[in-house]
file upload.cif (mmCIF, C-alpha atoms and all ligand atoms)
data_entry
loop_
_atom_site.label_atom_id
_atom_site.label_comp_id
_atom_site.auth_asym_id
_atom_site.auth_seq_id
_atom_site.Cartn_x
_atom_site.Cartn_y
_atom_site.Cartn_z
CA MET A 99 68.20 59.40 93.30
CA ILE A 100 65.35 57.70 91.46
CA ASP A 101 65.93 54.13 92.54
CA PHE A 102 67.79 52.05 95.10
CA THR A 103 71.35 50.99 94.21
CA ASP A 104 72.06 47.35 93.35
CA GLU A 105 73.45 46.83 96.86
CA GLN A 106 70.36 48.34 98.44
CA LYS A 107 68.13 46.21 96.19
CA MET A 108 69.98 43.14 97.39
CA ALA A 109 69.36 44.16 101.01
CA GLN A 110 65.70 44.68 100.11
CA ARG A 111 65.44 41.18 98.63
CA MET A 112 67.06 39.72 101.75
CA LEU A 113 64.65 41.62 104.01
CA ARG A 114 61.68 40.48 101.95
CA THR A 115 62.82 36.87 102.27
CA TRP A 116 63.34 37.30 106.02
CA ALA A 117 59.92 38.91 106.44
CA GLU A 118 58.16 36.19 104.42
CA LYS A 119 59.91 33.38 106.27
CA GLU A 120 60.13 34.73 109.83
CA LEU A 121 57.47 37.42 110.19
CA VAL A 122 54.49 36.27 108.13
CA PRO A 123 53.92 33.12 110.26
CA LEU A 124 53.92 35.24 113.45
CA VAL A 125 51.49 37.94 112.28
CA PRO A 126 48.19 36.27 113.33
CA ALA A 127 49.47 35.60 116.89
CA MET A 128 51.04 39.09 117.16
CA GLU A 129 47.79 40.69 115.96
CA ARG A 130 45.82 38.73 118.58
CA GLY A 131 48.29 39.88 121.24
CA ASP A 132 49.38 36.30 122.00
CA VAL A 133 52.96 36.96 120.88
CA LEU A 134 54.92 40.17 121.45
CA PRO A 135 56.94 41.63 118.57
CA TYR A 136 60.21 41.84 120.52
CA ASP A 137 61.75 38.40 119.92
CA ALA A 138 61.19 38.83 116.18
CA MET A 139 62.73 42.31 116.39
CA ARG A 140 65.81 40.79 118.04
CA HIS A 141 65.94 38.08 115.38
CA LEU A 142 65.82 40.73 112.65
CA ILE A 143 68.55 42.78 114.34
CA ARG A 144 70.82 39.73 114.66
CA SER A 145 70.08 38.38 111.18
CA PHE A 146 71.09 41.64 109.51
CA GLY A 147 74.05 42.40 111.77
CA ILE A 148 72.52 45.64 113.06
CA ASP A 149 73.82 44.71 116.53
CA GLU A 150 77.35 43.96 115.35
CA MET A 151 77.45 47.16 113.30
CA ALA A 152 76.42 49.20 116.36
CA ARG A 153 78.91 47.44 118.66
CA ALA A 154 81.72 47.97 116.14
CA THR A 155 80.94 51.68 115.88
CA PHE A 156 80.95 52.07 119.64
CA ALA A 157 84.16 50.04 120.01
CA LYS A 158 85.89 52.35 117.54
CA ALA A 159 84.79 55.53 119.31
CA THR A 160 87.43 57.39 121.26
CA PRO A 161 86.83 57.56 125.02
CA GLY A 162 84.65 60.58 125.71
CA GLY A 163 84.31 61.10 121.95
CA ASP A 164 81.06 61.66 120.13
CA THR A 165 79.99 58.06 119.54
CA ASN A 166 77.42 58.03 116.83
CA ALA A 167 76.51 54.45 116.09
CA GLY A 168 74.17 54.42 113.17
CA GLY A 169 74.39 58.16 112.59
CA GLU A 170 71.92 60.74 113.77
CA ARG A 171 68.99 59.41 111.82
CA GLY A 172 68.93 55.82 112.96
CA PHE A 173 70.50 52.46 112.48
CA PHE A 174 72.23 50.68 109.57
CA GLY A 175 75.20 53.04 109.66
CA GLY A 176 72.77 55.94 109.38
CA ASP A 177 71.98 55.08 105.72
CA PRO A 178 68.50 56.59 105.21
CA ALA A 179 67.89 54.36 102.17
CA LEU A 180 68.45 51.20 104.21
CA SER A 181 66.25 52.51 107.01
CA ALA A 182 63.54 53.20 104.40
CA ILE A 183 63.91 49.70 102.97
CA VAL A 184 63.42 48.21 106.45
CA ALA A 185 60.28 50.34 106.96
CA ILE A 186 58.90 49.37 103.53
CA GLU A 187 59.51 45.65 103.88
CA LEU A 188 58.19 45.40 107.44
CA SER A 189 55.12 47.51 106.61
CA ARG A 190 54.34 45.33 103.57
CA VAL A 191 53.88 42.41 105.96
CA CYS A 192 52.81 43.99 109.25
CA PRO A 193 52.71 47.78 109.80
CA GLY A 194 52.26 47.26 113.58
CA PHE A 195 55.56 45.39 113.76
CA ALA A 196 57.22 48.16 111.73
CA LEU A 197 55.82 50.73 114.19
CA ALA A 198 57.15 48.89 117.27
CA PHE A 199 60.56 48.49 115.59
CA GLY A 200 60.67 52.14 114.46
CA ALA A 201 59.56 53.52 117.84
CA SER A 202 62.33 51.62 119.63
CA LEU A 203 65.31 51.99 117.30
CA GLY A 204 64.24 55.07 115.37
CA LEU A 205 62.41 57.30 117.86
CA ALA A 206 63.85 56.36 121.27
CA GLY A 207 67.26 55.17 120.03
CA GLY A 208 67.40 57.98 117.46
CA ALA A 209 66.63 60.69 120.04
CA ILE A 210 69.43 59.46 122.31
CA LEU A 211 71.88 59.08 119.43
CA ALA A 212 71.11 62.53 118.12
CA LYS A 213 71.29 64.48 121.37
CA GLY A 214 72.71 62.25 124.11
CA THR A 215 76.18 62.52 125.59
CA ALA A 216 78.72 59.85 124.61
CA ALA A 217 78.03 58.06 127.92
CA GLN A 218 74.24 58.15 127.35
CA LYS A 219 74.61 56.82 123.82
CA LYS A 220 76.72 53.94 125.04
CA ARG A 221 74.58 53.13 128.06
CA PHE A 222 71.11 53.58 126.56
CA ALA A 223 71.19 53.80 122.74
CA LEU A 224 73.60 50.90 122.14
CA PRO A 225 71.42 48.29 123.94
CA ILE A 226 68.40 49.57 121.99
CA LEU A 227 70.25 49.19 118.68
CA THR A 228 71.39 45.68 119.60
CA GLY A 229 67.86 44.71 120.66
CA GLU A 230 68.88 43.92 124.24
CA LYS A 231 66.56 46.70 125.39
CA ILE A 232 63.31 48.07 124.05
CA GLY A 233 62.86 51.82 123.76
CA ALA A 234 59.83 54.11 123.95
CA TRP A 235 59.55 57.81 123.10
CA ALA A 236 57.01 59.65 125.22
CA MET A 237 55.64 63.07 124.37
CA THR A 238 51.82 62.74 124.23
CA GLU A 239 49.72 63.20 127.39
CA PRO A 240 45.99 62.75 128.01
CA GLY A 241 45.54 66.53 127.80
CA ALA A 242 48.37 67.29 125.38
CA GLY A 243 48.46 65.74 121.89
CA SER A 244 48.35 68.11 118.93
CA ASP A 245 49.35 70.87 121.37
CA ALA A 246 51.97 68.66 123.04
CA PHE A 247 54.37 71.44 124.03
CA ARG A 248 51.85 74.04 125.11
CA SER A 249 49.63 71.80 127.22
CA MET A 250 52.31 69.49 128.65
CA ARG A 251 51.76 68.93 132.38
CA THR A 252 54.55 66.46 133.15
CA ILE A 253 56.93 68.35 135.41
CA ALA A 254 60.59 67.96 136.38
CA ARG A 255 61.73 69.66 139.59
CA ARG A 256 65.39 70.04 140.51
CA SER A 257 66.30 68.02 143.58
CA GLY A 258 69.86 67.88 144.86
CA ASP A 259 72.01 66.89 141.90
CA GLY A 260 69.09 65.43 139.96
CA TYR A 261 65.38 65.83 139.24
CA ILE A 262 62.01 64.57 140.44
CA LEU A 263 59.49 63.77 137.69
CA ASN A 264 55.70 63.76 138.03
CA GLY A 265 53.07 63.35 135.33
CA GLN A 266 51.43 61.01 132.86
CA LYS A 267 51.93 60.04 129.22
CA THR A 268 49.55 58.19 126.93
CA PHE A 269 49.39 56.37 123.57
CA ILE A 270 53.10 55.54 123.85
CA THR A 271 54.30 52.82 121.49
CA ASN A 272 56.15 50.01 123.34
CA ALA A 273 55.48 51.63 126.75
CA PRO A 274 54.03 48.49 128.39
CA PHE A 275 57.27 46.54 127.76
CA ALA A 276 59.90 49.26 127.37
CA ASP A 277 63.21 49.11 129.24
CA VAL A 278 64.38 52.62 128.31
CA LEU A 279 61.92 55.51 128.10
CA VAL A 280 62.69 58.95 126.69
CA ILE A 281 60.21 61.16 128.52
CA TYR A 282 59.58 64.86 127.87
CA ALA A 283 58.81 67.13 130.81
CA LYS A 284 58.64 70.84 131.60
CA LEU A 285 61.31 72.04 133.99
CA ALA A 286 59.69 73.94 136.83
CA GLU A 287 61.53 77.23 137.26
CA PRO A 288 60.48 79.49 140.13
CA GLY A 289 58.51 82.50 138.92
CA GLN A 290 57.89 81.15 135.41
CA SER A 291 54.43 80.58 133.93
CA GLU A 292 53.67 77.09 132.62
CA ASN A 293 54.07 78.25 129.03
CA GLU A 294 57.52 79.67 129.62
CA ARG A 295 58.89 76.53 131.24
CA PRO A 296 61.62 74.91 129.14
CA ILE A 297 60.97 71.37 127.93
CA HIS A 298 63.63 68.73 128.48
CA ALA A 299 63.89 65.02 127.75
CA PHE A 300 64.80 62.53 130.49
CA ILE A 301 65.92 58.94 130.11
CA VAL A 302 64.07 56.78 132.62
CA GLU A 303 64.66 53.07 133.03
CA LYS A 304 62.03 50.45 133.73
CA GLY A 305 61.93 49.61 137.43
CA ALA A 306 62.61 53.17 138.60
CA PRO A 307 60.67 53.71 141.87
CA GLY A 308 57.49 55.69 141.14
CA LEU A 309 57.37 54.70 137.46
CA SER A 310 54.39 52.57 136.37
CA LEU A 311 53.66 51.27 132.90
CA SER A 312 50.12 50.30 131.89
CA LYS A 313 48.97 47.13 130.19
CA PRO A 314 48.66 47.38 126.39
CA MET A 315 45.69 49.55 125.39
CA GLU A 316 43.02 48.05 123.15
CA LYS A 317 42.97 49.80 119.83
CA MET A 318 41.56 49.83 116.28
CA GLY A 319 44.72 48.74 114.46
CA MET A 320 48.49 48.38 114.77
CA HIS A 321 47.74 45.44 117.07
CA SER A 322 51.28 44.09 116.69
CA SER A 323 52.66 47.20 118.38
CA PRO A 324 51.82 47.44 122.09
CA THR A 325 50.69 50.94 123.08
CA GLY A 326 50.44 52.12 126.68
CA GLU A 327 50.39 54.74 129.38
CA ILE A 328 53.23 55.92 131.62
CA PHE A 329 52.67 57.19 135.15
CA LEU A 330 55.38 59.15 136.99
CA SER A 331 54.94 59.67 140.71
CA ASP A 332 57.96 61.35 142.32
CA VAL A 333 60.40 59.49 140.07
CA CYS A 334 63.92 60.54 141.14
CA VAL A 335 66.52 60.62 138.39
CA ALA A 336 70.16 61.67 138.45
CA LYS A 337 71.48 64.57 136.36
CA SER A 338 72.90 61.94 134.01
CA ALA A 339 69.30 61.10 133.01
CA LEU A 340 68.82 64.53 131.41
CA LEU A 341 69.24 63.95 127.65
CA GLY A 342 72.44 65.74 126.63
CA GLU A 343 73.09 66.50 130.32
CA THR A 344 72.61 70.21 129.77
CA GLU A 345 69.80 72.57 130.61
CA THR A 346 71.09 75.22 128.24
CA LEU A 347 69.63 73.60 125.13
CA PRO A 348 65.90 73.19 125.73
CA ALA A 349 64.48 70.10 124.13
CA ARG A 350 61.68 71.79 122.14
CA ASP A 351 63.91 72.11 119.08
CA ARG A 352 65.25 68.59 119.56
CA ALA A 353 61.73 67.19 119.92
CA ARG A 354 60.69 69.11 116.80
CA GLU A 355 63.53 67.34 114.97
CA VAL A 356 62.13 64.00 116.14
CA PHE A 357 58.62 65.06 114.96
CA HIS A 358 60.25 65.89 111.63
CA GLY A 359 61.90 62.45 111.57
CA GLU A 360 58.60 60.81 112.51
CA ARG A 361 56.88 62.55 109.58
CA THR A 362 59.48 61.66 106.99
CA GLY A 363 59.76 58.16 108.52
CA MET A 364 56.09 57.48 107.80
CA VAL A 365 56.56 57.92 104.03
CA PRO A 366 58.28 54.52 103.48
CA MET A 367 55.74 52.87 105.81
CA CYS A 368 52.91 54.27 103.67
CA PHE A 369 54.73 53.07 100.55
CA GLY A 370 54.98 49.56 102.00
CA VAL A 371 51.25 49.46 102.75
CA ILE A 372 50.24 50.75 99.30
CA ASP A 373 52.70 48.45 97.50
CA ARG A 374 51.34 45.36 99.30
CA CYS A 375 47.69 46.38 98.87
CA LEU A 376 48.22 46.91 95.14
CA GLU A 377 50.04 43.59 94.76
CA LEU A 378 47.29 41.70 96.60
CA SER A 379 44.52 43.55 94.74
CA VAL A 380 45.96 42.87 91.28
CA ALA A 381 46.33 39.17 92.11
CA TYR A 382 42.76 39.01 93.44
CA ALA A 383 41.37 40.93 90.44
CA LYS A 384 42.86 38.27 88.15
CA GLU A 385 41.63 35.36 90.24
CA ARG A 386 38.09 36.26 91.37
CA GLN A 387 35.34 35.77 88.81
CA THR A 388 31.77 37.10 88.68
CA TRP A 389 29.37 36.55 85.79
CA GLY A 390 32.04 34.30 84.32
CA LYS A 391 34.62 37.09 84.02
CA GLN A 392 37.64 38.10 86.13
CA ILE A 393 36.66 41.14 88.20
CA GLY A 394 39.80 42.84 86.81
CA GLU A 395 37.94 43.10 83.48
CA TYR A 396 35.40 45.51 84.96
CA GLN A 397 36.32 49.16 84.50
CA LEU A 398 35.15 50.07 87.98
CA VAL A 399 37.73 47.67 89.44
CA GLN A 400 40.37 48.84 86.94
CA GLU A 401 39.85 52.43 88.08
CA LYS A 402 40.65 51.42 91.67
CA LEU A 403 43.79 49.58 90.60
CA ALA A 404 44.92 52.50 88.42
CA ARG A 405 44.41 54.99 91.26
CA MET A 406 46.36 52.76 93.66
CA TYR A 407 49.17 52.55 91.10
CA MET A 408 49.12 56.36 90.67
CA HIS A 409 49.31 56.89 94.43
CA ARG A 410 52.11 54.35 94.77
CA GLU A 411 54.14 56.16 92.09
CA ASN A 412 53.58 59.53 93.76
CA VAL A 413 54.57 58.20 97.19
CA ARG A 414 57.62 56.55 95.64
CA ASN A 415 58.65 59.86 94.06
CA LEU A 416 58.25 61.68 97.38
CA LEU A 417 60.28 58.99 99.10
CA PHE A 418 63.17 59.22 96.63
CA LYS A 419 63.14 63.02 96.77
CA GLN A 420 63.40 62.73 100.55
CA LEU A 421 66.23 60.17 100.28
CA GLU A 422 68.12 62.32 97.76
CA LYS A 423 67.90 65.31 100.09
CA ALA A 424 69.04 63.19 103.05
CA HIS A 425 71.94 61.87 100.93
CA LYS A 426 72.98 65.42 100.03
CA LYS A 427 72.39 66.58 103.61
CA VAL A 428 69.82 69.12 102.41
CA THR A 429 67.22 69.79 105.11
CA ILE A 430 63.60 69.23 104.21
CA SER A 431 61.47 72.20 105.26
CA ALA A 432 58.76 71.70 107.87
CA ALA A 433 56.07 72.36 105.23
CA GLU A 434 57.62 69.83 102.86
CA ALA A 435 57.79 67.14 105.58
CA SER A 436 54.19 67.89 106.57
CA ALA A 437 52.95 67.86 102.96
CA SER A 438 54.61 64.49 102.29
CA LYS A 439 53.21 62.96 105.47
CA LEU A 440 49.74 64.38 104.82
CA TYR A 441 49.60 63.10 101.25
CA CYS A 442 51.13 59.69 101.94
CA ALA A 443 48.95 59.02 105.00
CA ARG A 444 45.76 59.92 103.15
CA VAL A 445 46.50 57.84 100.07
CA ALA A 446 47.74 54.86 102.13
CA THR A 447 44.37 54.85 103.93
CA GLU A 448 42.50 55.27 100.63
CA CYS A 449 44.44 52.46 98.95
CA ALA A 450 43.99 50.06 101.88
CA LEU A 451 40.24 50.73 101.98
CA GLU A 452 39.98 50.30 98.19
CA ALA A 453 41.84 47.00 98.53
CA VAL A 454 39.18 45.86 101.03
CA GLN A 455 36.53 46.89 98.48
CA ILE A 456 38.18 44.90 95.69
CA PHE A 457 38.27 41.83 97.95
CA GLY A 458 34.54 42.22 98.73
CA GLY A 459 33.41 40.09 101.69
CA ASN A 460 36.82 38.46 101.88
CA GLY A 461 38.33 41.92 102.33
CA TYR A 462 36.34 42.32 105.55
CA MET A 463 37.67 39.05 106.95
CA ARG A 464 40.69 38.92 109.21
CA GLU A 465 42.42 36.13 107.30
CA PHE A 466 42.88 38.44 104.30
CA THR A 467 45.76 40.86 104.90
CA VAL A 468 43.97 43.93 103.47
CA GLU A 469 41.67 44.06 106.51
CA MET A 470 44.68 44.61 108.81
CA MET A 471 46.19 47.11 106.35
CA ALA A 472 43.03 49.24 106.36
CA ARG A 473 42.94 49.45 110.17
CA ASP A 474 46.67 50.04 110.43
CA ALA A 475 46.88 52.69 107.70
CA LYS A 476 44.44 54.96 109.57
CA LEU A 477 47.10 55.50 112.25
CA PHE A 478 49.26 57.31 109.67
CA GLN A 479 46.65 60.11 109.63
CA ILE A 480 46.81 60.48 113.43
CA GLY A 481 50.26 59.55 114.80
CA GLY A 482 53.22 61.89 114.38
CA GLY A 483 50.76 64.81 114.09
CA THR A 484 47.26 64.53 112.65
CA ASP A 485 46.32 65.49 109.08
CA GLU A 486 44.87 68.73 110.40
CA ILE A 487 48.12 69.61 112.19
CA GLN A 488 50.10 68.96 108.97
CA ILE A 489 47.70 71.27 107.09
CA THR A 490 48.12 74.06 109.64
CA ALA A 491 51.94 73.63 109.52
CA ILE A 492 51.92 73.93 105.71
CA ALA A 493 49.62 76.97 105.76
CA ARG A 494 51.70 78.64 108.49
CA GLN A 495 54.85 78.38 106.37
CA LEU A 496 53.08 79.54 103.19
CA LEU A 497 51.59 82.58 104.88
CA SER A 498 54.83 83.56 106.62
CA GLU A 499 56.86 83.67 103.37
C1 LIG B 501 48.78 53.77 117.94
C2 LIG B 501 49.36 55.07 118.40
C3 LIG B 501 50.71 55.14 118.72
C4 LIG B 501 51.27 56.34 119.20
N1 LIG B 501 52.59 56.34 119.58
C5 LIG B 501 53.08 57.47 120.20
C6 LIG B 501 54.41 57.46 120.76
O1 LIG B 501 55.15 56.46 120.65
N2 LIG B 501 54.84 58.57 121.41
C7 LIG B 501 54.06 59.70 121.55
O2 LIG B 501 54.51 60.66 122.15
N3 LIG B 501 52.80 59.73 121.02
C8 LIG B 501 52.29 58.65 120.37
N4 LIG B 501 51.00 58.66 119.86
C9 LIG B 501 50.19 59.86 120.03
C10 LIG B 501 49.92 60.65 118.75
O3 LIG B 501 51.07 61.31 118.32
C11 LIG B 501 48.75 61.59 119.07
O4 LIG B 501 47.59 60.77 119.22
C12 LIG B 501 48.52 62.61 117.98
O5 LIG B 501 49.55 63.56 117.96
C13 LIG B 501 47.18 63.35 118.16
O6 LIG B 501 47.03 63.85 119.46
P1 LIG B 501 45.67 63.56 120.26
O7 LIG B 501 45.43 62.11 120.20
O8 LIG B 501 45.77 64.18 121.59
O9 LIG B 501 44.54 64.28 119.40
P2 LIG B 501 43.97 65.75 119.69
O10 LIG B 501 45.09 66.71 119.75
O11 LIG B 501 43.04 65.69 120.84
O12 LIG B 501 43.11 66.01 118.37
C14 LIG B 501 41.75 65.65 118.24
C15 LIG B 501 41.26 66.18 116.88
O13 LIG B 501 41.30 67.62 116.87
C16 LIG B 501 42.05 68.05 115.76
N5 LIG B 501 42.77 69.27 116.11
C17 LIG B 501 43.52 69.52 117.22
N6 LIG B 501 44.05 70.73 117.18
C18 LIG B 501 43.65 71.29 116.00
C19 LIG B 501 43.89 72.53 115.35
N7 LIG B 501 44.67 73.47 115.90
N8 LIG B 501 43.30 72.75 114.15
C20 LIG B 501 42.52 71.81 113.59
N9 LIG B 501 42.26 70.62 114.14
C21 LIG B 501 42.83 70.36 115.33
C22 LIG B 501 43.02 66.90 115.47
O14 LIG B 501 43.51 66.98 114.14
C23 LIG B 501 42.12 65.71 115.70
O15 LIG B 501 41.33 65.48 114.57
C24 LIG B 501 50.45 57.50 119.33
C25 LIG B 501 49.10 57.42 118.97
C26 LIG B 501 48.54 56.24 118.53
C27 LIG B 501 47.08 56.21 118.19
#
call {"tool": "encode", "arguments": {"input": "upload.cif", "output": "C-alpha cells"}}
result
Amino acid sequence: MIDFTDEQKMAQRMLRTWAEKELVPLVPAMERGDVLPYDAMRHLIRSFGIDEMARATFAKATPGGDTNAGGERGFFGGDPALSAIVAIELSRVCPGFALAFGASLGLAGGAILAKGTAAQKKRFALPILTGEKIGAWAMTEPGAGSDAFRSMRTIARRSGDGYILNGQKTFITNAPFADVLVIYAKLAEPGQSENERPIHAFIVEKGAPGLSLSKPMEKMGMHSSPTGEIFLSDVCVAKSALLGETETLPARDRAREVFHGERTGMVPMCFGVIDRCLELSVAYAKERQTWGKQIGEYQLVQEKLARMYMHRENVRNLLFKQLEKAHKKVTISAAEASASKLYCARVATECALEAVQIFGGNGYMREFTVEMMARDAKLFQIGGGTDEIQITAIARQLLSE
C-alpha cells in the first residue's frame, strides 16, 4: 500500500472539510480551556456515522457472542487506514483535539473492545464509540511512568465477589471529564512481592464512591485535551469490572499491546503535524518579503522547507508500511513500532520548531498555528513512552537477536 484508495481519499476530503468548518473556529476557545473538546467529538462521531456503525455492529452480534464493533484496533469498522486519516486530519488542525479523541475511542474504547467480555463491550465500549460517554486509559502514576509496570503502586484487593481499589494515577488524558476509566492495578496476592503481583485492568465509572478526578492540569501544550489525576480510595468494584472478567490472563501483555497501539497510533498524528507545518511554511515563504524578496528565495529558508518535505515523505512511508502490515495482519515488531515512533516524534518536533523559525516573530505568536504545533509536537517525544524508552526497546531487541 503506497497511497489511500479513492474511497479513503474521499473520506479524507470530507474530514478535512468538516475540520475546517467545525473544528477550526473552536480551536482558540478550546486552547484557552473555555470550551471542552467533547461536543465537537460527538459532532464528528455523528457526522461520520461512527455511532450508527457501532450500534449496527452490536445489534448484529449474537447474544453472548464476541461483539467486536469497530474491530480490535478501533473504530470505523476497524479499518486502520480510516483511523489514520482521522488522526491525520484532526492533528493538522488541532493535535490536542486528536489526542482527546484518540484517548477516548482508541485507547479506552480500544482496550475494552480488544479484551473485554461481550457484556463489557456492549456496556462500556459502545457508549464510548457513540460519543455518549468519554473514556480515559490510566496506566501512569506519580512514581511510575517509564517503569509503569515495575513501580505501579495502585492495588486491587479481592473483597467478596469483587475488588477494592486504592492508588493514584497521573497525566491521564480526559480524566477530569471521563465517564468510563480503564485503570491498571496490581492484584495483591498473599505472600507475593510487589514485583510478582499480576497487573489487571478494571473498568471504573465516574461517580463510584471513593473515586475522585482532578481538575485539568496546566501544561505546555495539547491544551485542547484535558489531562488529569485519578485518586482511588477504597473504590469497590464488582467482578464484572475486571477487564475480560478473568484473572488467568494478566493484563501486562494486554497493556503492552495498547502501548504498541499508542506508538503506531502516533505516526499519523506526527504526519498531520508535519503536513500542516509544511503547508503553512511554504505559503508564508512565498508571501513574506525581506529586502524586497520573498523569504522562500533564500537558500537558508529553502533548506528548512526541503528538510520538512524529506521528513514528511519518510513519515508517510513509515505510515503506509504500517498500514500495509495491518491490512495483511502482519504484526509489527516492538523494535519496529518503537523506531517509527521515535523517528516520527523527533521529526514532528523538529518540523514544528522550524516552522516557527520560518514565521519569525509571527511564529512565536499564538494567532499563528505553528506556535501551537510546536508545543503540541513535543508531547509525541514523551507520551506513549519517551524517546529514551523507545531507544532502549530497540537496542534490547537488537542485542537479543
Ligand atoms: C499530555 C500528556 C498526556 C498523557 N496521557 C496519558 C494517558 O492518557 N494515560 C497514561 O497512562 N499516561 C499518559 N501520559 C503519561 C506518559 O505516558 C508518561 O508521562 C511517559 O510515559 C513518561 O513517564 P514519566 O512522565 O513518569 O517520565 P519518567 O519515567 O519520570 O522519565 C523522566 C526522564 O527519564 C528518562 N528515563 C526514564 N527511564 C529511563 C531509562 N531506563 N533509560 C534512559 N532514560 C530513562 C525518560 O526518558 C525521561 O526523559 C500522558 C502524559 C502527558 C504529558
call {"tool": "residues_near_ligand", "arguments": {"input": "upload.cif", "ligand": "ligand LIG 501 (chain B)", "cutoff": "8 Å", "atoms": "only C-alpha atoms and all ligand atoms", "output": "tab-separated table (two decimals) with C-alpha atoms, in the frame of the given file"}}
result
chain	number	residue	atom	x	y	z
A	201	ALA	CA	59.56	53.52	117.84
A	205	LEU	CA	62.41	57.30	117.86
A	234	ALA	CA	59.83	54.11	123.95
A	235	TRP	CA	59.55	57.81	123.10
A	236	ALA	CA	57.01	59.65	125.22
A	237	MET	CA	55.64	63.07	124.37
A	238	THR	CA	51.82	62.74	124.23
A	239	GLU	CA	49.72	63.20	127.39
A	240	PRO	CA	45.99	62.75	128.01
A	241	GLY	CA	45.54	66.53	127.80
A	242	ALA	CA	48.37	67.29	125.38
A	243	GLY	CA	48.46	65.74	121.89
A	244	SER	CA	48.35	68.11	118.93
A	245	ASP	CA	49.35	70.87	121.37
A	246	ALA	CA	51.97	68.66	123.04
A	267	LYS	CA	51.93	60.04	129.22
A	268	THR	CA	49.55	58.19	126.93
A	269	PHE	CA	49.39	56.37	123.57
A	270	ILE	CA	53.10	55.54	123.85
A	271	THR	CA	54.30	52.82	121.49
A	272	ASN	CA	56.15	50.01	123.34
A	273	ALA	CA	55.48	51.63	126.75
A	317	LYS	CA	42.97	49.80	119.83
A	319	GLY	CA	44.72	48.74	114.46
A	320	MET	CA	48.49	48.38	114.77
A	323	SER	CA	52.66	47.20	118.38
A	325	THR	CA	50.69	50.94	123.08
A	477	LEU	CA	47.10	55.50	112.25
A	480	ILE	CA	46.81	60.48	113.43
A	481	GLY	CA	50.26	59.55	114.80
A	482	GLY	CA	53.22	61.89	114.38
A	483	GLY	CA	50.76	64.81	114.09
A	484	THR	CA	47.26	64.53	112.65
A	485	ASP	CA	46.32	65.49	109.08
A	486	GLU	CA	44.87	68.73	110.40
A	487	ILE	CA	48.12	69.61	112.19
A	490	THR	CA	48.12	74.06	109.64
call {"tool": "axis_aligned_box", "arguments": {"input": "upload.cif", "around": "range 113-121 of chain A", "padding_each_side": "3 Å", "output": "lines of an AutoDock Vina configuration file"}}
result
center_x = 61.1
center_y = 37.5
center_z = 106.1
size_x = 13.2
size_y = 14.2
size_z = 14.2
call {"tool": "atom_distance", "arguments": {"input": "upload.cif", "atom1": "CA of Lys337 in chain A", "atom2": "CA of Gly208 in chain A"}}
result
20.4 Å
call {"tool": "residues_around", "arguments": {"input": "upload.cif", "residues": "range 101-107 of chain A", "least_positions_apart": "6", "cutoff": "9 Å", "atoms": "all atoms listed in the file", "output": "ChimeraX atom specification"}}
result
/A:179-180,183,418
call {"tool": "residues_around", "arguments": {"input": "upload.cif", "residues": "range 457-464 of chain A", "least_positions_apart": "5", "cutoff": "12 Å", "atoms": "all atoms listed in the file", "output": "PyMOL selection string"}}
result
chain A and resi 125-126+129-130+319+375-376+378-388+393-394+399+402+450-452+469-473
call {"tool": "write_last_selection", "arguments": {"input": "upload.cif", "atoms": "C-alpha atoms", "output": "JSON list (two decimals), in the frame of the given file"}}
result
[["chain", "number", "residue", "atom", "x", "y", "z"],
["A", 125, "VAL", "CA", 51.49, 37.94, 112.28],
["A", 126, "PRO", "CA", 48.19, 36.27, 113.33],
["A", 129, "GLU", "CA", 47.79, 40.69, 115.96],
["A", 130, "ARG", "CA", 45.82, 38.73, 118.58],
["A", 319, "GLY", "CA", 44.72, 48.74, 114.46],
["A", 375, "CYS", "CA", 47.69, 46.38, 98.87],
["A", 376, "LEU", "CA", 48.22, 46.91, 95.14],
["A", 378, "LEU", "CA", 47.29, 41.70, 96.60],
["A", 379, "SER", "CA", 44.52, 43.55, 94.74],
["A", 380, "VAL", "CA", 45.96, 42.87, 91.28],
["A", 381, "ALA", "CA", 46.33, 39.17, 92.11],
["A", 382, "TYR", "CA", 42.76, 39.01, 93.44],
["A", 383, "ALA", "CA", 41.37, 40.93, 90.44],
["A", 384, "LYS", "CA", 42.86, 38.27, 88.15],
["A", 385, "GLU", "CA", 41.63, 35.36, 90.24],
["A", 386, "ARG", "CA", 38.09, 36.26, 91.37],
["A", 387, "GLN", "CA", 35.34, 35.77, 88.81],
["A", 388, "THR", "CA", 31.77, 37.10, 88.68],
["A", 393, "ILE", "CA", 36.66, 41.14, 88.20],
["A", 394, "GLY", "CA", 39.80, 42.84, 86.81],
["A", 399, "VAL", "CA", 37.73, 47.67, 89.44],
["A", 402, "LYS", "CA", 40.65, 51.42, 91.67],
["A", 450, "ALA", "CA", 43.99, 50.06, 101.88],
["A", 451, "LEU", "CA", 40.24, 50.73, 101.98],
["A", 452, "GLU", "CA", 39.98, 50.30, 98.19],
["A", 469, "GLU", "CA", 41.67, 44.06, 106.51],
["A", 470, "MET", "CA", 44.68, 44.61, 108.81],
["A", 471, "MET", "CA", 46.19, 47.11, 106.35],
["A", 472, "ALA", "CA", 43.03, 49.24, 106.36],
["A", 473, "ARG", "CA", 42.94, 49.45, 110.17]]
call {"tool": "closest_residue", "arguments": {"input": "upload.cif", "among": "A:Arg494, A:Arg111, A:Arg354, A:Arg251", "to": "Gln266 in chain A", "atoms": "all atoms listed in the file"}}
result
A:Arg251
call {"tool": "atom_distance", "arguments": {"input": "upload.cif", "atom1": "CA of Glu360 in chain A", "atom2": "CA of Ile328 in chain A"}}
result
20.4 Å
call {"tool": "decode", "arguments": {"input": "upload.cif", "residues": "range 319-331 of chain A", "atoms": "C-alpha atoms", "output": "mmCIF file, in the first residue's frame"}}
result
data_model
loop_
_atom_site.group_PDB
_atom_site.id
_atom_site.type_symbol
_atom_site.label_atom_id
_atom_site.label_comp_id
_atom_site.auth_asym_id
_atom_site.auth_seq_id
_atom_site.Cartn_x
_atom_site.Cartn_y
_atom_site.Cartn_z
ATOM 1 C CA GLY A 319 0.834 22.063 25.006
ATOM 2 C CA MET A 320 -2.057 19.847 23.933
ATOM 3 C CA HIS A 321 -4.299 22.403 25.654
ATOM 4 C CA SER A 322 -7.374 21.117 23.822
ATOM 5 C CA SER A 323 -7.040 17.764 25.570
ATOM 6 C CA PRO A 324 -7.795 17.902 29.307
ATOM 7 C CA THR A 325 -5.244 15.945 31.355
ATOM 8 C CA GLY A 326 -5.774 14.987 34.990
ATOM 9 C CA GLU A 327 -5.179 12.878 38.051
ATOM 10 C CA ILE A 328 -7.252 9.992 39.394
ATOM 11 C CA PHE A 329 -7.486 9.170 43.095
ATOM 12 C CA LEU A 330 -8.828 5.807 44.282
ATOM 13 C CA SER A 331 -9.678 5.464 47.953
#
